[in-house]
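A short write-up of the structure that comes next.
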Amino acid sequence: MPRWRRALAGSHSRRRPAFRRLRAGPACAVILLAACGAPTPPPETGLPHVVLIVPDDLGRHDVSFHGGEIATPNIDRIAAEGVLIERFYTAPICSPTRAGLMTGRYPIRYGLMRNVIAPWQDFGLDTEEVTLAEVLARAGYEHRAVFGKWHLGHVRREHHPLRRGFTEFVGHNTSIDYFTKARFGERDWFHGYEPADEEGYVTDLVAEHAVRFIDRHASGEAPFFLYVPFNAAHSPLQAKEEDLPRYAHLDAVEPPRSWQEVTAGWPLPPEEQRREDRRVHAAMVHALDEGVGRILRALDDRGIAENTLVLFFSDNGGGLGAADNGPYRGTKSTVFEGGTRVAAAARWPAGGISGGRRVKPPVAYIDVLPTLMGIAGLNDHGGKELDGRNVRDVLAGADVDGPARDLYSFVGQKNPEREQVSVMSGAWKLVVIGPPLDRPGSAPASEQLLYRIEEDPFEERNLATDHPHVAERLLEKAHEFRALQPPNPVGSFGVGMEGFEPPPNWRFPEAHTTESGGS
C-alpha cells in the first residue's frame with residue numbers, strides 16, 4: 001500500500017490537539033512594532049493597493065451578512081463599509097475559478113475548466129496566458145504576493161507562482177492537513193520555492209504572512225497586490241480545539257435539491273456525521289473570519305484602508321454536507337446557483353465602493369482582471385482576448401444595469417457522462433446535464449432545465465417545455481461554449497492516482513531551483 005494511502009485517514013481527522021502558537025521571533029516583533037507605527041500615506045501614484053481574499057468552499061450562507069448562523073463580523077465589515085455583491089458568479093470548482101480570476105478568460109479555453117488539478121497530475125495554467133500579477137506589474141505594482149493555496153500547477157517550475165508574475169509566495173498547492181501541512185504523507189508547505197518547516201494552524205499562518213506583507217510594504221512609494229487564497233473551509237475538516245465549542249449547538253444542514261449530482265450515486269453520510277461536520281466547518285469559518293479581521297486591522301493600523309481595494313469572494317459554493325448555501329439549488333461541483341453564486345463583497349472608500357450598498361447586476365470571477373486593468377489605467381493586457389468586463393462602475397453604483405453579456409459555466413468532475421453546462425442570457429438560465437455536448441447525439445440524451453433566473457433564483461420551476469425556442473437558442477450557445485475545450489484538457493480526477501507516490505516535501509525535480517521568494 002502506498003505511503004500516502006496509509007496516511008490519508010490520519011490527515012482527515014476532525015479534532016486535533018490544542019493549537020500551538022507560532023514561534024516568536026524577529027518577524028513577530030516587526031509586526032507588533034508596525035502596528036504601533038505612524039499611519040502611512042497613500043502611494044504617490046494614486047493607484048490603490050489591492051487585497052484579494054478568496055476562501056475555499058465557503059457556503060453563501062456561511063456568512064452572517066446573508067443571514068447565516070455562523071458569526072462573521074470581520075467579513076461582514078467588508079460588505080457594511082463597502083458593497084455586498086448580490087450575484088457574484090464563480091466556476092463550480094477550485095482550479096477553474098483561480099485560473100479565470102488570474103486570466104480574465106474562461107478556463108475552458110485553455111483546458112482547465114472541467115476538473116481541478118489533482119495532486120497526481122502534471123498540469124498547470126497555460127503559460128501562454130497572461131496573469132493578473134503580470135498585468136499589475138506593468139501598472140507599477142512592485143510587490144505582488146500570494147499566501148495560501150495556489151492550485152494552478154505544482155509539478156513544473158513554469159507553473160510556480162513566482163514564474164507567473166508574483167514576487168512572494170508562502171503556502172501550498174492542493175488541500176493539506178491544517179496542522180501537519182501533509183498531503184498523502186508528505187508535507188506541502190513552501191516559502192518561495194523551498195519547503196518550509198513552519199508550525200501553526202494553516203488559516204492562521206496565511207493571515208500572519210498577509211499581515212507581515214502589509215507591514216513591510218505599506219510605506220512604499222508603489223502600490224502592492226496581495227492575493228490571499230485561504231484553504232479554509234475546504235476539507236479536511238479540522239478546527240482548532242478552542243474554537244469547537246462555539247458551534248457545538250449546530251444541527252446538520254438540510255441537503256439541497258440536486259445533491260445527487262455531487263455524490264455520483266453514493267448516498268449522503270448519516271445525519272450524525274453531517275451534524276459533526278457542520279460544527280467543525282463552522283469553527284473553521286470562525287478562524288477564517290478572524291484571519292480576515294487581522295488583515296483589515298493591518299490596513300487600518302498602517303493608515304492605508306481608505307485607498308485599498310479589498311475584494312472578497314469564495315472560490316465556489318459550499319460543499320455538500322458541511323457548508324450552507326441557503327435555499328439555492330445545488331452545491332459545489334454543480335452549475336446551479338448553489339455551486340456558483342457565492343458570498344462576495346468589496347470595499348474601496350477612495351474609489352467610491354462604499355456605503356453598504358447592495359450590487360444587483362451579475363459580476364463574475366473573470367471580471368477581476370479587466371476591472372483591475374481599468375483601475376490601473378491599462379487598455380491592453382498584452383494577452384489573448386478577454387471574456388471578463390470592467391465592472392468598476394457597477395461596484396461603485398454608477399452602472400445599475402451591468403454589462404450586456406452572457407455568462408457560462410461548465411463542470412465534468414464527478415461524472416464524465418453527466419457533464420454540466422449552463423448559460424445565462426438576459427432573464428434566462430439554461431442548465432444542460434448529460435454526455436459531453438461536443439459528442440454527436442448528446443442533446444437528446446441530456447436533461448435540459450430552463451429558468452427565469454431573476455424571478456426564480458432558487459431554480460424551482462423548469463420552463464423548458466413552456467419556452468422551447470428559448471431553450472433551443474440557449475442550447476446552441478451551450479454547444480458553442482463546450483466546443484471551446486482544447487484536445488488535451490486537464491484529465492479526469494482519478495487518472496494517474498493509482499500507484500502515485502508524492503516526492504519528499506512535494507518537491508518535484510522539475511521544480512527545483514535556488515531562487516528565493518518567501519515571506
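Identifiers in the C-alpha cells: chain A, B, ... in order shown; residue index from 1 per chain; ligand index from 1 in order shown.
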
Task: DSSP helix (DSSP H, G or I) residues within stretch 51-295 of chain A, listed as a PyMOL selection string - done: chain A and resi 60-62+64-66+73-81+94-103+107-110+132-138+157-159+161-163+202-217+241-247+260-263+271-295

- [ ] Excluding stretch 348-354 of chain A and residues on its chain fewer than 4 positions from it, collect all residues at most 7 Å away from it, counting only C-alpha atoms, and give them as a PyMOL selection string.
- [x] chain A and resi 81-83+306-310+395-396

Wanna dump the stretch 301-340 of chain A-stretch 419-429 of chain A contacts at 12 Å for me, each residue with its shortest atom pair and the distance in Å to one decimal, counting only C-alpha atoms, ordered by chain and number, as CSV?
residue,atom,partner,partner_atom,distance
A:Gly330,CA,A:Gln420,CA,11.8
A:Ser333,CA,A:Gln420,CA,9.2
A:Thr334,CA,A:Gln420,CA,7.0
A:Val335,CA,A:Ser422,CA,6.3
A:Phe336,CA,A:Ser422,CA,8.1
A:Glu337,CA,A:Lys429,CA,10.2
A:Gly339,CA,A:Gln420,CA,11.5
A:Thr340,CA,A:Ser422,CA,10.6

- [ ] Mind listing the strand (DSSP E or B) residues of stretch 302-376 of chain A, per DSSP on the backbone, as a ChimeraX atom specification?
- [x] /A:308-313,341-342,344-348,353,357-359,363-364
